[in-house]
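Step one of this worksheet: look at the structure below.
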Amino acid sequence: QVRLVESGGGLVQAGGSLRLSCAASGRAFSTYHMAWFRQAPGKEREFVAAISQGGGSTAYADSVQGRFTISKDNVKNTMYLQMNSLKPEDTANYYCATQSQNPWARIREPSAHEYWGQGTQVTVSS
């Protein structure tokens, strides 16, 4: 069993920055691929960014490429999402997720992740 807890969300003006954190407990953190997803009201949950178990590979949605940076600290069992140059369309509830069964090739699929946090709200004002 894995427990994920997000933090760091809030209200920020367009152009500002936030750093989200995802603290993990349970099985060995360093064995997981991990990802961030987001969901805005009335929209489907969408992939934001992912990082491989060892941190050597990352992936980003086109909409956040160059503005967001994902990282993980296997000592602190924590994953981060540094979000810069925020836009109003980044407003959503942000979730961290992980799974132990599926390959990196499926990292962008919500259905491939079995463990989810409760989410942290990010609101970007124009």
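Letters for chains follow the order of the structure tokens (A, B, ...), residue numbers begin at 1 for each chain, and ligand numbers begin at 1 in the order shown.
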Inset, instruction - Please provide as a ChimeraX atom specification all residues within 6 Å of range 95-111 of chain A, with the sequence filter that same-chain residues fewer than 5 positions apart are discarded (counting only C-alpha atoms). - result: /A:34-38,47,116-117,119
Write the residues you've just listed into a file as a tab-separated table (two decimals), in the first residue's frame, and include all heavy atoms for each of them.
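Listing of out_29.tsv after writing:
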```tsv
chain	number	residue	atom	x	y	z
A	34	MET	N	6.57	8.00	-11.16
A	34	MET	CA	5.55	8.85	-10.55
A	34	MET	C	5.13	9.94	-11.51
A	34	MET	O	5.88	10.30	-12.42
A	34	MET	CB	6.08	9.47	-9.25
A	34	MET	CG	6.46	8.44	-8.20
A	34	MET	SD	6.71	9.14	-6.59
A	34	MET	CE	5.03	9.60	-6.14
A	35	ALA	N	3.93	10.46	-11.29
A	35	ALA	CA	3.38	11.43	-12.23
A	35	ALA	C	2.50	12.46	-11.52
A	35	ALA	O	2.02	12.22	-10.41
A	35	ALA	CB	2.56	10.73	-13.30
A	36	TRP	N	2.33	13.58	-12.19
A	36	TRP	CA	1.36	14.62	-11.80
A	36	TRP	C	0.27	14.67	-12.86
A	36	TRP	O	0.56	14.65	-14.06
A	36	TRP	CB	2.02	15.98	-11.69
A	36	TRP	CG	2.93	16.16	-10.52
A	36	TRP	CD1	4.29	16.05	-10.51
A	36	TRP	CD2	2.54	16.51	-9.20
A	36	TRP	NE1	4.77	16.29	-9.25
A	36	TRP	CE2	3.72	16.60	-8.42
A	36	TRP	CE3	1.33	16.78	-8.58
A	36	TRP	CZ2	3.71	16.92	-7.06
A	36	TRP	CZ3	1.30	17.11	-7.22
A	36	TRP	CH2	2.49	17.17	-6.48
A	37	PHE	N	-0.95	14.74	-12.40
A	37	PHE	CA	-2.11	14.96	-13.25
A	37	PHE	C	-2.86	16.17	-12.71
A	37	PHE	O	-2.64	16.61	-11.59
A	37	PHE	CB	-3.04	13.74	-13.25
A	37	PHE	CG	-2.47	12.55	-13.94
A	37	PHE	CD1	-1.56	11.72	-13.31
A	37	PHE	CD2	-2.83	12.24	-15.25
A	37	PHE	CE1	-1.03	10.61	-13.94
A	37	PHE	CE2	-2.30	11.14	-15.90
A	37	PHE	CZ	-1.41	10.32	-15.25
A	38	ARG	N	-3.77	16.71	-13.51
A	38	ARG	CA	-4.62	17.80	-13.04
A	38	ARG	C	-6.01	17.66	-13.62
A	38	ARG	O	-6.21	17.04	-14.67
A	38	ARG	CB	-4.02	19.17	-13.40
A	38	ARG	CG	-3.96	19.47	-14.90
A	38	ARG	CD	-3.20	20.77	-15.12
A	38	ARG	NE	-3.17	21.12	-16.54
A	38	ARG	CZ	-2.46	22.14	-17.03
A	38	ARG	NH1	-1.72	22.90	-16.22
A	38	ARG	NH2	-2.49	22.40	-18.33
A	47	PHE	N	-2.83	14.47	-18.00
A	47	PHE	CA	-1.43	14.28	-17.65
A	47	PHE	C	-0.71	15.62	-17.64
A	47	PHE	O	-0.95	16.47	-18.52
A	47	PHE	CB	-0.78	13.34	-18.65
A	47	PHE	CG	0.71	13.25	-18.54
A	47	PHE	CD1	1.30	12.50	-17.54
A	47	PHE	CD2	1.53	13.92	-19.44
A	47	PHE	CE1	2.68	12.41	-17.44
A	47	PHE	CE2	2.90	13.84	-19.35
A	47	PHE	CZ	3.48	13.08	-18.35
A	116	TRP	N	-3.29	7.29	-5.74
A	116	TRP	CA	-3.52	8.72	-5.97
A	116	TRP	C	-3.54	9.47	-4.64
A	116	TRP	O	-3.99	8.94	-3.62
A	116	TRP	CB	-4.87	8.93	-6.66
A	116	TRP	CG	-4.93	8.41	-8.05
A	116	TRP	CD1	-5.20	7.13	-8.44
A	116	TRP	CD2	-4.68	9.14	-9.24
A	116	TRP	NE1	-5.15	7.02	-9.80
A	116	TRP	CE2	-4.83	8.25	-10.33
A	116	TRP	CE3	-4.36	10.48	-9.52
A	116	TRP	CZ2	-4.66	8.64	-11.65
A	116	TRP	CZ3	-4.20	10.86	-10.82
A	116	TRP	CH2	-4.35	9.95	-11.88
A	117	GLY	N	-3.07	10.71	-4.68
A	117	GLY	CA	-3.24	11.60	-3.54
A	117	GLY	C	-4.62	12.23	-3.57
A	117	GLY	O	-5.42	11.98	-4.47
A	119	GLY	N	-5.16	15.48	-3.78
A	119	GLY	CA	-5.17	16.66	-4.64
A	119	GLY	C	-4.88	17.94	-3.88
A	119	GLY	O	-5.14	18.05	-2.68
```
Inset, instruction - Tell me which protein, DNA and RNA residues are within 10 Å of Lys72 in chain A, counting only C-alpha atoms, leaving out same-chain ones fewer than 6 positions away, and put them as a list in words. - result: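 My reading of the contact set: Ser21, Cys22, Ala23, Phe29, Ser30, Met34, Ile51, Ser52, Gln53, Gly54, Gly55, Thr78, Met79, Tyr80 and Leu81 of chain A.
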Legend entry - Residue with smallest distance to Ser71 in chain A - pool A:Leu4, A:Leu11, A:Ala92, A:Leu20, counting only C-alpha atoms: A:Leu20
Inset, instruction - Using only C-alpha atoms, determine which residues lie at most 8 Å from Thr120 in chain A, disregarding the query and same-chain residues fewer than 6 positions distant; provide the list as a PyMOL selection string. - result: chain A and resi 6-10+93-95
Convert the current residue selection to file output with N, CA and C atoms, as a short mmCIF file (atom, residue, chain, number, x, y, z; two decimals), in the first residue's frame.
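What ended up in selection-v3.cif:
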```cif
data_model
loop_
_atom_site.label_atom_id
_atom_site.label_comp_id
_atom_site.auth_asym_id
_atom_site.auth_seq_id
_atom_site.Cartn_x
_atom_site.Cartn_y
_atom_site.Cartn_z
N GLU A 6 -0.34 15.44 -1.26
CA GLU A 6 0.13 16.63 -1.96
C GLU A 6 0.03 17.86 -1.06
N SER A 7 0.85 18.84 -1.36
CA SER A 7 0.79 20.14 -0.69
C SER A 7 1.41 21.19 -1.61
N GLY A 8 1.20 22.46 -1.25
CA GLY A 8 1.84 23.54 -1.98
C GLY A 8 0.94 24.32 -2.91
N GLY A 9 -0.31 23.89 -3.06
CA GLY A 9 -1.21 24.63 -3.92
C GLY A 9 -1.60 25.97 -3.31
N GLY A 10 -2.28 26.79 -4.11
CA GLY A 10 -2.71 28.09 -3.61
C GLY A 10 -3.17 28.99 -4.73
N ASN A 93 -7.22 21.21 -9.95
CA ASN A 93 -6.79 20.41 -8.80
C ASN A 93 -5.68 19.49 -9.30
N TYR A 94 -4.56 19.53 -8.63
CA TYR A 94 -3.38 18.77 -9.06
C TYR A 94 -3.21 17.54 -8.18
N TYR A 95 -3.01 16.40 -8.83
CA TYR A 95 -2.89 15.12 -8.14
C TYR A 95 -1.54 14.47 -8.46
#
```
Inset, instruction - Return the single residue from A:Asn84, A:Ser25, A:Gln118, A:Ser17 that is closest to Arg3 in chain A, with distances computed using only C-alpha atoms. - result: A:Ser25
Inset, instruction - Check the DSSP output for the backbone and give back, as an NGL selection string, the residues of range 20-111 of chain A in strand (DSSP E or B). - result: :A and (20-26 or 33-39 or 46-51 or 58-60 or 68-73 or 78-83 or 92-99)
Legend entry - Test item: residues at most 12 Å from Met83 in chain A, only C-alpha atoms, excluding those fewer than 4 positions along its chain, as JSON, numbers by chain: {"A": [8, 9, 10, 12, 14, 15, 16, 17, 18, 19, 20, 21, 36, 48, 49, 63, 64, 65, 66, 67, 68, 69, 70, 71, 87, 90, 91, 94, 122, 124]}
Inset, instruction - Point out the residue among A:Glu46, A:Asp73, A:Asp62, A:Glu89 with the least atom-to-atom distance to Ala24 in chain A, counting only C-alpha atoms. - result: A:Asp73
Legend entry - Per-residue DSSP, range 13-105 of chain A, filtered to helix (DSSP H, G or I), as a PyMOL selection string: chain A and resi 29-31+88-90+104-105
